[in-house]
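Below is start35.txt, which holds compact mmCIF, C-alpha atoms and all ligand atoms.
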```txt
# COMPACT_ATOMS: atom_id res chain seq x y z
CA MET A 1 128.15 50.80 -133.20
CA ALA A 2 124.44 51.27 -132.56
CA ASN A 3 123.36 49.15 -135.53
CA LYS A 4 121.59 45.84 -135.17
CA VAL A 5 123.65 42.72 -134.52
CA VAL A 6 123.43 40.48 -137.58
CA LEU A 7 125.88 37.77 -136.55
CA LYS A 8 126.80 36.71 -133.04
CA VAL A 9 129.41 34.02 -132.57
CA SER A 10 130.04 32.82 -129.01
CA ASN A 11 132.81 30.51 -127.79
CA LEU A 12 133.05 28.79 -131.14
CA THR A 13 135.41 25.82 -131.19
CA LYS A 14 136.24 23.24 -133.85
CA ARG A 15 138.40 20.20 -133.33
CA PHE A 16 139.66 17.88 -136.03
CA GLY A 17 140.84 14.88 -134.02
CA SER A 18 143.46 16.23 -131.65
CA ARG A 19 143.95 19.49 -133.62
CA ILE A 20 142.00 22.53 -132.48
CA ALA A 21 141.38 24.53 -135.68
CA VAL A 22 139.19 27.18 -133.99
CA ASN A 23 139.52 27.83 -130.27
CA ASN A 24 136.82 29.58 -128.26
CA VAL A 25 136.19 32.41 -130.74
CA SER A 26 133.58 35.11 -130.00
CA PHE A 27 132.61 38.24 -131.97
CA SER A 28 129.61 40.15 -133.34
CA ILE A 29 128.96 41.81 -136.68
CA HIS A 30 126.45 44.63 -137.19
CA GLU A 31 124.22 45.78 -140.02
CA GLY A 32 126.19 47.57 -142.77
CA GLU A 33 129.54 46.70 -141.18
CA ILE A 34 132.46 45.25 -143.10
CA PHE A 35 134.22 42.90 -140.73
CA GLY A 36 137.67 41.69 -141.76
CA PHE A 37 138.83 38.30 -140.59
CA LEU A 38 142.58 38.47 -140.87
CA GLY A 39 145.07 35.69 -140.32
CA PRO A 40 147.89 33.72 -141.88
CA ASN A 41 147.43 30.42 -143.73
CA GLY A 42 145.94 27.75 -141.49
CA ALA A 43 144.74 30.29 -138.90
CA GLY A 44 141.18 28.95 -138.91
CA LYS A 45 139.42 31.52 -141.10
CA SER A 46 137.74 29.13 -143.54
CA THR A 47 136.84 26.69 -140.76
CA THR A 48 135.09 29.48 -138.82
CA MET A 49 133.26 30.66 -141.93
CA LYS A 50 132.17 27.13 -142.83
CA MET A 51 130.63 26.71 -139.38
CA ILE A 52 128.78 30.02 -139.74
CA CYS A 53 127.42 28.88 -143.12
CA GLY A 54 126.28 25.53 -141.77
CA LEU A 55 128.83 23.61 -143.87
CA SER A 56 130.62 22.27 -140.82
CA THR A 57 129.34 21.41 -137.33
CA PRO A 58 130.94 23.22 -134.39
CA THR A 59 132.51 21.10 -131.68
CA ARG A 60 131.28 23.69 -129.19
CA GLY A 61 129.79 27.19 -129.16
CA GLU A 62 126.88 29.16 -130.54
CA ILE A 63 126.20 30.88 -133.86
CA ASN A 64 123.28 33.24 -134.16
CA VAL A 65 122.32 34.85 -137.49
CA CYS A 66 119.70 37.60 -137.36
CA GLY A 67 118.37 36.19 -134.12
CA PHE A 68 118.23 32.58 -135.36
CA ASP A 69 120.33 29.91 -133.74
CA ILE A 70 122.14 27.83 -136.35
CA LYS A 71 121.44 24.57 -134.51
CA ARG A 72 117.84 25.10 -133.46
CA GLN A 73 116.59 27.31 -136.32
CA ARG A 74 118.97 26.18 -139.00
CA GLU A 75 116.85 26.95 -142.07
CA LYS A 76 115.97 30.48 -140.96
CA ALA A 77 119.56 31.19 -139.95
CA LEU A 78 120.89 29.97 -143.29
CA MET A 79 118.25 31.90 -145.23
CA SER A 80 119.55 35.07 -143.56
CA LEU A 81 123.05 34.67 -144.97
CA GLY A 82 124.76 34.30 -148.31
CA ALA A 83 128.26 32.92 -148.73
CA MET A 84 131.14 32.41 -151.05
CA ILE A 85 133.62 30.02 -149.47
CA GLU A 86 136.80 29.19 -151.34
CA ASN A 87 135.95 28.96 -155.07
CA PRO A 88 132.32 29.61 -156.00
CA LEU A 89 130.67 26.59 -157.58
CA MET A 90 129.76 27.47 -161.16
CA TYR A 91 129.06 25.73 -164.42
CA ASN A 92 131.50 26.95 -167.07
CA TYR A 93 129.49 25.57 -170.00
CA MET A 94 126.43 27.59 -168.99
CA SER A 95 125.81 31.31 -169.37
CA ALA A 96 126.03 33.54 -166.30
CA TYR A 97 122.27 33.99 -166.45
CA ASP A 98 121.65 30.22 -166.54
CA ASN A 99 124.01 29.75 -163.62
CA LEU A 100 122.08 32.29 -161.57
CA LYS A 101 118.80 30.74 -162.72
CA TYR A 102 119.94 27.34 -161.52
CA PHE A 103 120.92 28.68 -158.08
CA ALA A 104 117.71 30.73 -157.90
CA SER A 105 115.70 27.52 -158.41
CA LEU A 106 117.07 26.26 -155.10
CA TYR A 107 115.04 28.94 -153.30
CA LYS A 108 111.35 29.65 -153.12
CA ASN A 109 110.27 33.01 -154.59
CA VAL A 110 113.54 33.88 -156.30
CA GLY A 111 112.99 34.50 -160.02
CA LYS A 112 114.00 36.58 -163.01
CA LYS A 113 113.44 39.88 -161.22
CA GLU A 114 115.82 38.97 -158.39
CA ILE A 115 118.40 37.51 -160.81
CA LEU A 116 118.50 40.74 -162.81
CA ALA A 117 118.62 42.88 -159.67
CA CYS A 118 121.58 40.91 -158.28
CA ALA A 119 123.39 41.00 -161.64
CA ARG A 120 122.94 44.77 -161.59
CA ILE A 121 124.30 45.05 -158.04
CA VAL A 122 127.53 43.30 -159.10
CA GLY A 123 127.69 45.16 -162.45
CA LEU A 124 127.29 42.11 -164.69
CA GLN A 125 123.92 43.01 -166.20
CA ASN A 126 125.40 43.36 -169.69
CA ARG A 127 127.43 40.15 -169.54
CA LEU A 128 124.74 37.70 -168.48
CA LYS A 129 124.61 35.94 -171.85
CA ASP A 130 128.35 35.15 -171.81
CA LEU A 131 129.49 31.66 -170.88
CA VAL A 132 130.97 31.62 -167.37
CA GLY A 133 133.96 29.72 -168.80
CA LYS A 134 134.85 32.92 -170.63
CA TYR A 135 134.65 35.14 -167.54
CA SER A 136 137.73 36.70 -165.96
CA LEU A 137 138.55 35.83 -162.33
CA GLY A 138 137.14 39.15 -161.10
CA MET A 139 133.92 38.57 -163.02
CA ARG A 140 133.62 35.07 -161.57
CA GLN A 141 134.04 36.50 -158.08
CA ARG A 142 131.30 39.03 -158.79
CA LEU A 143 129.04 36.36 -160.19
CA GLY A 144 129.68 34.29 -157.06
CA ILE A 145 128.60 37.26 -154.97
CA ALA A 146 125.49 37.79 -157.15
CA GLN A 147 124.68 34.13 -156.57
CA SER A 148 125.02 34.52 -152.80
CA LEU A 149 122.79 37.62 -152.84
CA LEU A 150 119.85 36.01 -154.69
CA HIS A 151 117.75 35.40 -151.58
CA ALA A 152 118.41 38.91 -150.20
CA PRO A 153 120.49 37.89 -147.16
CA LYS A 154 121.38 40.33 -144.39
CA LEU A 155 124.83 38.83 -143.97
CA LEU A 156 127.39 38.01 -146.62
CA ILE A 157 130.31 35.69 -145.83
CA LEU A 158 133.17 35.98 -148.31
CA ASP A 159 136.23 33.78 -147.93
CA GLU A 160 139.23 35.50 -149.54
CA PRO A 161 137.28 37.46 -152.19
CA LEU A 162 140.41 39.46 -153.06
CA SER A 163 142.75 36.55 -153.63
CA GLY A 164 144.01 36.22 -157.17
CA LEU A 165 142.73 39.65 -158.23
CA ASP A 166 145.17 42.14 -159.73
CA PRO A 167 145.51 45.60 -158.06
CA ALA A 168 142.81 47.10 -160.29
CA GLY A 169 140.55 44.13 -159.58
CA VAL A 170 141.17 44.48 -155.83
CA LYS A 171 140.21 48.15 -155.93
CA GLU A 172 137.10 47.42 -157.95
CA MET A 173 136.04 44.66 -155.55
CA ARG A 174 136.74 46.91 -152.57
CA ASP A 175 134.65 49.77 -153.95
CA PHE A 176 131.93 47.32 -154.82
CA LEU A 177 131.82 45.74 -151.34
CA ARG A 178 131.84 49.14 -149.63
CA GLY A 179 128.91 50.21 -151.80
CA LEU A 180 127.06 47.01 -151.01
CA ALA A 181 127.44 47.51 -147.25
CA LYS A 182 126.54 51.19 -147.42
CA ASN A 183 123.66 51.14 -149.91
CA ASN A 184 122.13 47.75 -149.13
CA HIS A 185 122.95 47.76 -145.38
CA ILE A 186 124.36 44.27 -145.67
CA ALA A 187 126.86 43.08 -143.07
CA ILE A 188 129.90 41.61 -144.79
CA MET A 189 132.46 39.28 -143.25
CA VAL A 190 135.59 39.04 -145.40
CA SER A 191 138.63 36.89 -144.76
CA SER A 192 142.11 37.67 -145.96
CA HIS A 193 145.77 37.36 -145.02
CA MET A 194 146.55 40.78 -146.52
CA LEU A 195 146.55 43.40 -143.76
CA GLY A 196 146.90 46.37 -146.12
CA GLU A 197 143.84 45.34 -148.09
CA MET A 198 141.81 44.79 -144.95
CA GLU A 199 142.78 48.19 -143.60
CA GLN A 200 141.38 49.84 -146.71
CA LEU A 201 138.23 47.77 -146.89
CA CYS A 202 136.98 47.07 -143.39
CA ASP A 203 135.33 48.94 -140.53
CA THR A 204 136.53 46.36 -138.04
CA VAL A 205 139.40 43.91 -138.20
CA ALA A 206 139.66 40.73 -136.15
CA ILE A 207 143.02 38.98 -136.06
CA ILE A 208 143.09 35.21 -135.82
CA ASN A 209 146.12 32.97 -135.45
CA ASN A 210 146.38 29.30 -134.54
CA GLY A 211 142.61 29.19 -134.14
CA GLU A 212 142.59 31.97 -131.54
CA LEU A 213 141.13 35.43 -131.90
CA LEU A 214 143.91 37.78 -130.78
CA GLU A 215 142.40 41.21 -131.36
CA ILE A 216 139.24 42.88 -132.56
CA LYS A 217 139.90 46.47 -133.52
CA HIS A 218 137.91 49.22 -135.08
CA ILE A 219 139.86 50.45 -138.07
CA GLU A 220 140.48 53.81 -136.38
CA GLN A 221 142.03 52.06 -133.37
CA LEU A 222 144.23 50.07 -135.71
CA ARG A 223 145.35 53.28 -137.44
CA GLN A 224 146.07 54.96 -134.12
CA GLY A 225 148.17 51.97 -133.15
CA ILE A 226 150.10 52.37 -136.38
CA GLU A 227 150.45 56.11 -135.68
CA GLY A 228 151.92 55.25 -132.27
CA THR A 229 154.78 53.32 -133.83
CA LYS A 230 155.98 56.28 -135.90
CA GLN A 231 159.49 57.65 -135.70
CA ILE A 232 161.05 60.68 -137.39
CA ARG A 233 164.62 60.40 -138.57
CA PHE A 234 166.70 63.63 -138.68
CA LYS A 235 170.02 63.30 -140.44
CA VAL A 236 172.24 65.91 -138.74
CA ASP A 237 175.88 67.01 -138.48
CA TYR A 238 176.11 66.55 -134.68
CA PRO A 239 173.82 63.63 -133.79
CA ASN A 240 174.83 63.20 -130.14
CA PHE A 241 174.38 66.87 -129.40
CA ALA A 242 171.10 67.06 -131.41
CA GLY A 243 169.76 64.00 -129.57
CA SER A 244 170.45 65.39 -126.12
CA VAL A 245 168.88 68.76 -127.02
CA VAL A 246 165.66 67.19 -128.32
CA MET A 247 165.44 64.85 -125.38
CA ARG A 248 166.07 67.55 -122.77
CA GLU A 249 164.06 70.40 -124.22
CA LEU A 250 161.15 68.63 -125.90
CA LYS A 251 161.02 65.60 -123.57
CA LEU A 252 160.77 63.22 -126.53
CA PRO A 253 162.32 59.73 -126.67
CA VAL A 254 165.38 59.84 -128.92
CA GLN A 255 167.77 57.25 -130.24
CA VAL A 256 171.05 58.15 -131.93
CA VAL A 257 171.85 55.91 -134.89
CA GLY A 258 174.92 56.71 -136.98
CA ASN A 259 174.62 60.23 -138.31
CA SER A 260 170.91 60.47 -137.46
CA ILE A 261 168.60 60.84 -134.51
CA LEU A 262 165.37 58.84 -134.38
CA VAL A 263 162.63 60.67 -132.49
CA LYS A 264 159.56 58.71 -131.43
CA CYS A 265 156.72 61.12 -132.22
CA GLY A 266 154.14 62.03 -134.86
CA GLU A 267 154.72 64.18 -137.94
CA ASN A 268 153.08 67.11 -136.14
CA ARG A 269 156.29 67.54 -134.06
CA ILE A 270 158.63 67.92 -137.06
CA LYS A 271 158.23 71.70 -137.05
CA ASP A 272 159.14 72.07 -133.33
CA ILE A 273 162.13 69.77 -133.62
CA THR A 274 163.43 71.50 -136.75
CA LYS A 275 163.07 74.94 -135.13
CA LEU A 276 164.91 73.81 -132.01
CA LEU A 277 167.78 72.21 -133.90
CA VAL A 278 168.22 75.25 -136.13
CA LYS A 279 168.24 77.47 -133.03
CA ARG A 280 171.02 75.28 -131.57
CA LYS A 281 172.98 75.63 -134.84
CA VAL A 282 172.55 71.99 -135.84
CA SER A 283 172.42 71.45 -139.62
CA ILE A 284 169.59 69.22 -140.75
CA LEU A 285 170.64 67.19 -143.76
CA GLY A 286 167.44 65.15 -144.16
CA VAL A 287 164.10 64.34 -142.53
CA GLU A 288 162.24 61.07 -142.97
CA VAL A 289 159.09 59.62 -141.41
CA ILE A 290 159.48 55.95 -140.51
CA THR A 291 156.33 53.92 -140.05
CA LYS A 292 156.24 50.27 -139.23
CA SER A 293 154.72 48.40 -142.10
CA LEU A 294 151.31 46.91 -141.49
CA GLU A 295 152.85 43.50 -141.86
CA GLU A 296 155.33 44.27 -139.06
CA ILE A 297 152.50 45.45 -136.82
CA PHE A 298 150.56 42.32 -137.63
CA MET A 299 153.53 40.13 -136.75
CA ASP A 300 154.01 42.14 -133.52
CA ILE A 301 150.41 41.49 -132.49
CA ILE A 302 150.78 37.79 -133.14
CA ALA A 303 154.11 37.61 -131.28
CA HIS A 304 153.10 39.76 -128.31
CA LYS A 305 149.64 38.32 -127.87
CA THR A 306 151.13 34.89 -127.56
CA ASN A 307 152.93 36.29 -124.49
CA GLY A 308 149.71 37.82 -123.18
CA LYS A 309 150.63 41.39 -124.17
CA THR A 310 149.57 43.62 -127.00
CA SER A 311 151.90 45.96 -128.81
CA ILE A 312 149.63 48.45 -130.52
CA SER A 313 146.83 49.18 -128.11
N1 LIG B 1 138.50 18.96 -142.87
C1 LIG B 1 139.59 19.09 -142.12
N2 LIG B 1 140.16 18.05 -141.50
C2 LIG B 1 141.26 18.21 -140.73
N3 LIG B 1 141.87 19.38 -140.49
C3 LIG B 1 141.33 20.46 -141.09
C4 LIG B 1 140.18 20.39 -141.92
N4 LIG B 1 139.90 21.63 -142.36
C5 LIG B 1 140.82 22.46 -141.83
N5 LIG B 1 141.69 21.75 -141.05
C6 LIG B 1 142.81 22.31 -140.29
O1 LIG B 1 142.35 23.42 -139.54
C7 LIG B 1 143.30 24.47 -139.52
C8 LIG B 1 142.67 25.75 -140.02
O2 LIG B 1 142.39 25.64 -141.40
P1 LIG B 1 141.58 26.75 -142.22
O3 LIG B 1 141.32 26.19 -143.57
O4 LIG B 1 140.43 27.18 -141.42
O5 LIG B 1 142.66 27.91 -142.27
P2 LIG B 1 142.56 29.31 -143.05
O6 LIG B 1 142.77 30.36 -142.03
O7 LIG B 1 141.36 29.36 -143.87
O8 LIG B 1 143.87 29.22 -143.95
P3 LIG B 1 144.12 29.72 -145.47
O9 LIG B 1 144.57 31.15 -145.39
O10 LIG B 1 145.26 28.83 -145.91
O11 LIG B 1 142.88 29.52 -146.26
C9 LIG B 1 144.47 23.96 -140.36
O12 LIG B 1 145.45 23.46 -139.49
C10 LIG B 1 143.89 22.87 -141.21
O13 LIG B 1 144.83 21.89 -141.52
MG MG B 2 141.03 29.52 -145.91
```
Can the structure from this file be put into structure tokens for me?
Amino acid sequence: MANKVVLKVSNLTKRFGSRIAVNNVSFSIHEGEIFGFLGPNGAGKSTTMKMICGLSTPTRGEINVCGFDIKRQREKALMSLGAMIENPLMYNYMSAYDNLKYFASLYKNVGKKEILACARIVGLQNRLKDLVGKYSLGMRQRLGIAQSLLHAPKLLILDEPLSGLDPAGVKEMRDFLRGLAKNNHIAIMVSSHMLGEMEQLCDTVAIINNGELLEIKHIEQLRQGIEGTKQIRFKVDYPNFAGSVVMRELKLPVQVVGNSILVKCGENRIKDITKLLVKRKVSILGVEVITKSLEEIFMDIIAHKTNGKTSIS
């Protein structure tokens, strides 16, 4: 990606006593990029994000936001980012507008104009007079994002912004975040443990487990990896014969399972295989594409990387 680097994390480590929560993690995020930080519970996602937001001090390593080092130029670095970590802090007894006004007062030069602009970005401009206590979860998440955008940051850090949302809410949030990255050129780092959601939302996905960054993949690479695990199942009347024909004549890896053959190839080969089998007088009783679920691929990466190998690249 040719875009400007907005966040650079180098060799970041966090220890809590003898436990290493984040171990030597390095990555960069660019302008307008949605970067997914994917990992199971306890992987170290929130701890990493807290260090980036200046809420926790790294044991070791560097964090640079828009060219500002978080240790040496802390105020400038923090002014370049907005964050929503775990649940956004909000006052339920106050209106959404008053909440934003309170948070705006923490910054210089952030007033009514910016509050209204941010409310518009998150689509809450008509609900600003409502009490936050009466907001739905999705609306609270949006308000939290509006709050983190008040000072026009270049980087947005969102810890689990999809958690607790229903499928419609997830889609709405996803469309909203994509629009924000595209139209406002903001870099967004999002954490989640849901691979399927990340695949649909992010440009890049980094996988973290036990504090270690296992993979950083562009979403296209991730999809190709998924493509590579595909198998086509042909239910046939003579599986052993069908298997040997496909293997010999098309040079494709085949496994015979019960009354089916499993051919390791993409959907684009279905036509060739069907033609061949029909020519050899094999009856095809069913065809099915088998793809590993994203969750299986995710578990594979975690398992194989621990042994120093990767399964999908
Ligand atoms: N303040 C703390 N003191 C001690 N240990 C901590 C502290 N904060 C986090 N940890 C430990 O660091 C590890 C990583 O926790 P973290 O909250 O970063 O995980 P996570 O990836 O955000 O998980 P989740 O998906 O559950 O939110 C865990 O083992 C956790 O117990
Ligand atoms: Mg967390």
For Lys264 of chain A: contacts at 9 Å, all atoms listed in the file, fewer than 2 positions along chain excluded, given as a JSON list (two decimals) with C-alpha atoms, keeping the file's coordinate frame:
```
[["chain", "number", "residue", "atom", "x", "y", "z"],
["A", 228, "GLY", "CA", 151.92, 55.25, -132.27],
["A", 229, "THR", "CA", 154.78, 53.32, -133.83],
["A", 230, "LYS", "CA", 155.98, 56.28, -135.90],
["A", 231, "GLN", "CA", 159.49, 57.65, -135.70],
["A", 232, "ILE", "CA", 161.05, 60.68, -137.39],
["A", 233, "ARG", "CA", 164.62, 60.40, -138.57],
["A", 252, "LEU", "CA", 160.77, 63.22, -126.53],
["A", 253, "PRO", "CA", 162.32, 59.73, -126.67],
["A", 254, "VAL", "CA", 165.38, 59.84, -128.92],
["A", 255, "GLN", "CA", 167.77, 57.25, -130.24],
["A", 262, "LEU", "CA", 165.37, 58.84, -134.38],
["A", 266, "GLY", "CA", 154.14, 62.03, -134.86]]
```
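With all atoms listed in the file as the atoms that count, the residue of A:Gly133, A:Gly82, A:Gly36, A:Pro167 with the shortest distance to Ala206 of chain A is A:Gly36.
One finds atom CA of Thr59 of chain A at 6.2 Å from atom CA of Arg15 of chain A.
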How would you write as a PDB file with C-alpha atoms, in the coordinates of the input the residues that get within 12 Å of (120.6, 28.5, -134.9) in the file's frame, counting all atoms listed in the file?
```pdb
ATOM      1  CA  LEU A   7     125.880  37.770-136.550  1.00  0.00           C
ATOM      2  CA  LYS A   8     126.800  36.710-133.040  1.00  0.00           C
ATOM      3  CA  VAL A   9     129.410  34.020-132.570  1.00  0.00           C
ATOM      4  CA  SER A  10     130.040  32.820-129.010  1.00  0.00           C
ATOM      5  CA  MET A  51     130.630  26.710-139.380  1.00  0.00           C
ATOM      6  CA  ILE A  52     128.780  30.020-139.740  1.00  0.00           C
ATOM      7  CA  CYS A  53     127.420  28.880-143.120  1.00  0.00           C
ATOM      8  CA  GLY A  54     126.280  25.530-141.770  1.00  0.00           C
ATOM      9  CA  THR A  57     129.340  21.410-137.330  1.00  0.00           C
ATOM     10  CA  PRO A  58     130.940  23.220-134.390  1.00  0.00           C
ATOM     11  CA  GLY A  61     129.790  27.190-129.160  1.00  0.00           C
ATOM     12  CA  GLU A  62     126.880  29.160-130.540  1.00  0.00           C
ATOM     13  CA  ILE A  63     126.200  30.880-133.860  1.00  0.00           C
ATOM     14  CA  ASN A  64     123.280  33.240-134.160  1.00  0.00           C
ATOM     15  CA  VAL A  65     122.320  34.850-137.490  1.00  0.00           C
ATOM     16  CA  CYS A  66     119.700  37.600-137.360  1.00  0.00           C
ATOM     17  CA  GLY A  67     118.370  36.190-134.120  1.00  0.00           C
ATOM     18  CA  PHE A  68     118.230  32.580-135.360  1.00  0.00           C
ATOM     19  CA  ASP A  69     120.330  29.910-133.740  1.00  0.00           C
ATOM     20  CA  ILE A  70     122.140  27.830-136.350  1.00  0.00           C
ATOM     21  CA  LYS A  71     121.440  24.570-134.510  1.00  0.00           C
ATOM     22  CA  ARG A  72     117.840  25.100-133.460  1.00  0.00           C
ATOM     23  CA  GLN A  73     116.590  27.310-136.320  1.00  0.00           C
ATOM     24  CA  ARG A  74     118.970  26.180-139.000  1.00  0.00           C
ATOM     25  CA  GLU A  75     116.850  26.950-142.070  1.00  0.00           C
ATOM     26  CA  LYS A  76     115.970  30.480-140.960  1.00  0.00           C
ATOM     27  CA  ALA A  77     119.560  31.190-139.950  1.00  0.00           C
ATOM     28  CA  LEU A  78     120.890  29.970-143.290  1.00  0.00           C
ATOM     29  CA  MET A  79     118.250  31.900-145.230  1.00  0.00           C
ATOM     30  CA  SER A  80     119.550  35.070-143.560  1.00  0.00           C
TER      31      SER A  80
END
```
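Pairwise distance (atom CA of Arg127 of chain A, atom CA of Asp175 of chain A) equals 19.7 Å.
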Box for segment 232-250 of chain A - axis-aligned, 8 Å on each of the six sides, all listed atoms - centre and size in Å to one decimal, as AutoDock Vina command-line options.
```
--center_x 168.6 --center_y 65.4 --center_z -131.6 --size_x 31.1 --size_y 26.0 --size_z 33.7
```
*Check the smallest atom-to-atom distance from each of A:Leu131, A:Val6, A:Val190, A:Ala104 to ligand MG 2 (chain B) using all atoms listed in the file, then report the winner.*
A:Val190
Could you make a table, as CSV, of the residues of chain A that have an atom within 6 Å of an atom of ligand LIG 1 (chain B), each with its nearest atom pair and distance in Å to one decimal, counting all atoms listed in the file, in chain and number order?
```
residue,atom,partner,partner_atom,distance
A:Phe16,CA,B:LIG1,C2,5.0
A:Ala21,CA,B:LIG1,O1,4.1
A:Pro40,CA,B:LIG1,O9,5.5
A:Asn41,CA,B:LIG1,O9,3.4
A:Gly42,CA,B:LIG1,O5,3.4
A:Ala43,CA,B:LIG1,O6,3.7
A:Gly44,CA,B:LIG1,O4,3.2
A:Lys45,CA,B:LIG1,O6,3.7
A:Ser46,CA,B:LIG1,O7,3.6
A:Thr47,CA,B:LIG1,O4,3.7
```
Produce segment 5-24 of chain A of the given structure as output with N, CA and C atoms, as a PDB file, in the first residue's frame.
```pdb
ATOM      1  N   VAL A   5       2.025   5.929   6.342  1.00  0.00           N
ATOM      2  CA  VAL A   5       1.922   5.129   7.565  1.00  0.00           C
ATOM      3  C   VAL A   5       1.371   6.016   8.678  1.00  0.00           C
ATOM      4  N   VAL A   6       0.307   5.571   9.314  1.00  0.00           N
ATOM      5  CA  VAL A   6      -0.332   6.351  10.375  1.00  0.00           C
ATOM      6  C   VAL A   6       0.060   5.802  11.751  1.00  0.00           C
ATOM      7  N   LEU A   7       0.223   4.481  11.811  1.00  0.00           N
ATOM      8  CA  LEU A   7       0.637   3.861  13.073  1.00  0.00           C
ATOM      9  C   LEU A   7       1.755   2.869  12.795  1.00  0.00           C
ATOM     10  N   LYS A   8       2.831   3.001  13.569  1.00  0.00           N
ATOM     11  CA  LYS A   8       3.915   2.031  13.450  1.00  0.00           C
ATOM     12  C   LYS A   8       4.215   1.492  14.843  1.00  0.00           C
ATOM     13  N   VAL A   9       4.054   0.208  14.990  1.00  0.00           N
ATOM     14  CA  VAL A   9       4.311  -0.448  16.270  1.00  0.00           C
ATOM     15  C   VAL A   9       5.525  -1.347  16.064  1.00  0.00           C
ATOM     16  N   SER A  10       6.544  -1.199  16.918  1.00  0.00           N
ATOM     17  CA  SER A  10       7.754  -2.010  16.744  1.00  0.00           C
ATOM     18  C   SER A  10       8.131  -2.722  18.042  1.00  0.00           C
ATOM     19  N   ASN A  11       8.244  -4.022  17.937  1.00  0.00           N
ATOM     20  CA  ASN A  11       8.710  -4.877  19.051  1.00  0.00           C
ATOM     21  C   ASN A  11       8.001  -4.606  20.370  1.00  0.00           C
ATOM     22  N   LEU A  12       6.718  -4.403  20.289  1.00  0.00           N
ATOM     23  CA  LEU A  12       5.940  -4.051  21.473  1.00  0.00           C
ATOM     24  C   LEU A  12       5.763  -5.259  22.397  1.00  0.00           C
ATOM     25  N   THR A  13       6.081  -5.059  23.658  1.00  0.00           N
ATOM     26  CA  THR A  13       5.982  -6.129  24.651  1.00  0.00           C
ATOM     27  C   THR A  13       5.351  -5.580  25.919  1.00  0.00           C
ATOM     28  N   LYS A  14       4.467  -6.385  26.524  1.00  0.00           N
ATOM     29  CA  LYS A  14       3.905  -6.009  27.824  1.00  0.00           C
ATOM     30  C   LYS A  14       3.913  -7.208  28.748  1.00  0.00           C
ATOM     31  N   ARG A  15       4.523  -7.016  29.890  1.00  0.00           N
ATOM     32  CA  ARG A  15       4.552  -8.056  30.920  1.00  0.00           C
ATOM     33  C   ARG A  15       3.666  -7.640  32.078  1.00  0.00           C
ATOM     34  N   PHE A  16       2.926  -8.566  32.630  1.00  0.00           N
ATOM     35  CA  PHE A  16       2.252  -8.356  33.909  1.00  0.00           C
ATOM     36  C   PHE A  16       2.886  -9.368  34.848  1.00  0.00           C
ATOM     37  N   GLY A  17       3.817  -8.954  35.664  1.00  0.00           N
ATOM     38  CA  GLY A  17       4.543  -9.899  36.519  1.00  0.00           C
ATOM     39  C   GLY A  17       5.280 -10.879  35.632  1.00  0.00           C
ATOM     40  N   SER A  18       5.011 -12.170  35.818  1.00  0.00           N
ATOM     41  CA  SER A  18       5.726 -13.160  35.012  1.00  0.00           C
ATOM     42  C   SER A  18       4.980 -13.451  33.699  1.00  0.00           C
ATOM     43  N   ARG A  19       3.743 -12.953  33.565  1.00  0.00           N
ATOM     44  CA  ARG A  19       2.968 -13.243  32.347  1.00  0.00           C
ATOM     45  C   ARG A  19       3.286 -12.237  31.242  1.00  0.00           C
ATOM     46  N   ILE A  20       3.590 -12.763  30.051  1.00  0.00           N
ATOM     47  CA  ILE A  20       3.815 -11.872  28.913  1.00  0.00           C
ATOM     48  C   ILE A  20       2.498 -11.782  28.150  1.00  0.00           C
ATOM     49  N   ALA A  21       1.829 -10.628  28.247  1.00  0.00           N
ATOM     50  CA  ALA A  21       0.512 -10.469  27.597  1.00  0.00           C
ATOM     51  C   ALA A  21       0.688 -10.132  26.123  1.00  0.00           C
ATOM     52  N   VAL A  22       1.751  -9.391  25.786  1.00  0.00           N
ATOM     53  CA  VAL A  22       2.037  -9.013  24.399  1.00  0.00           C
ATOM     54  C   VAL A  22       3.529  -9.218  24.189  1.00  0.00           C
ATOM     55  N   ASN A  23       3.876  -9.996  23.151  1.00  0.00           N
ATOM     56  CA  ASN A  23       5.259 -10.432  23.002  1.00  0.00           C
ATOM     57  C   ASN A  23       5.869  -9.994  21.667  1.00  0.00           C
ATOM     58  N   ASN A  24       6.622  -8.916  21.695  1.00  0.00           N
ATOM     59  CA  ASN A  24       7.432  -8.526  20.548  1.00  0.00           C
ATOM     60  C   ASN A  24       6.604  -8.335  19.265  1.00  0.00           C
TER      61      ASN A  24
END
```
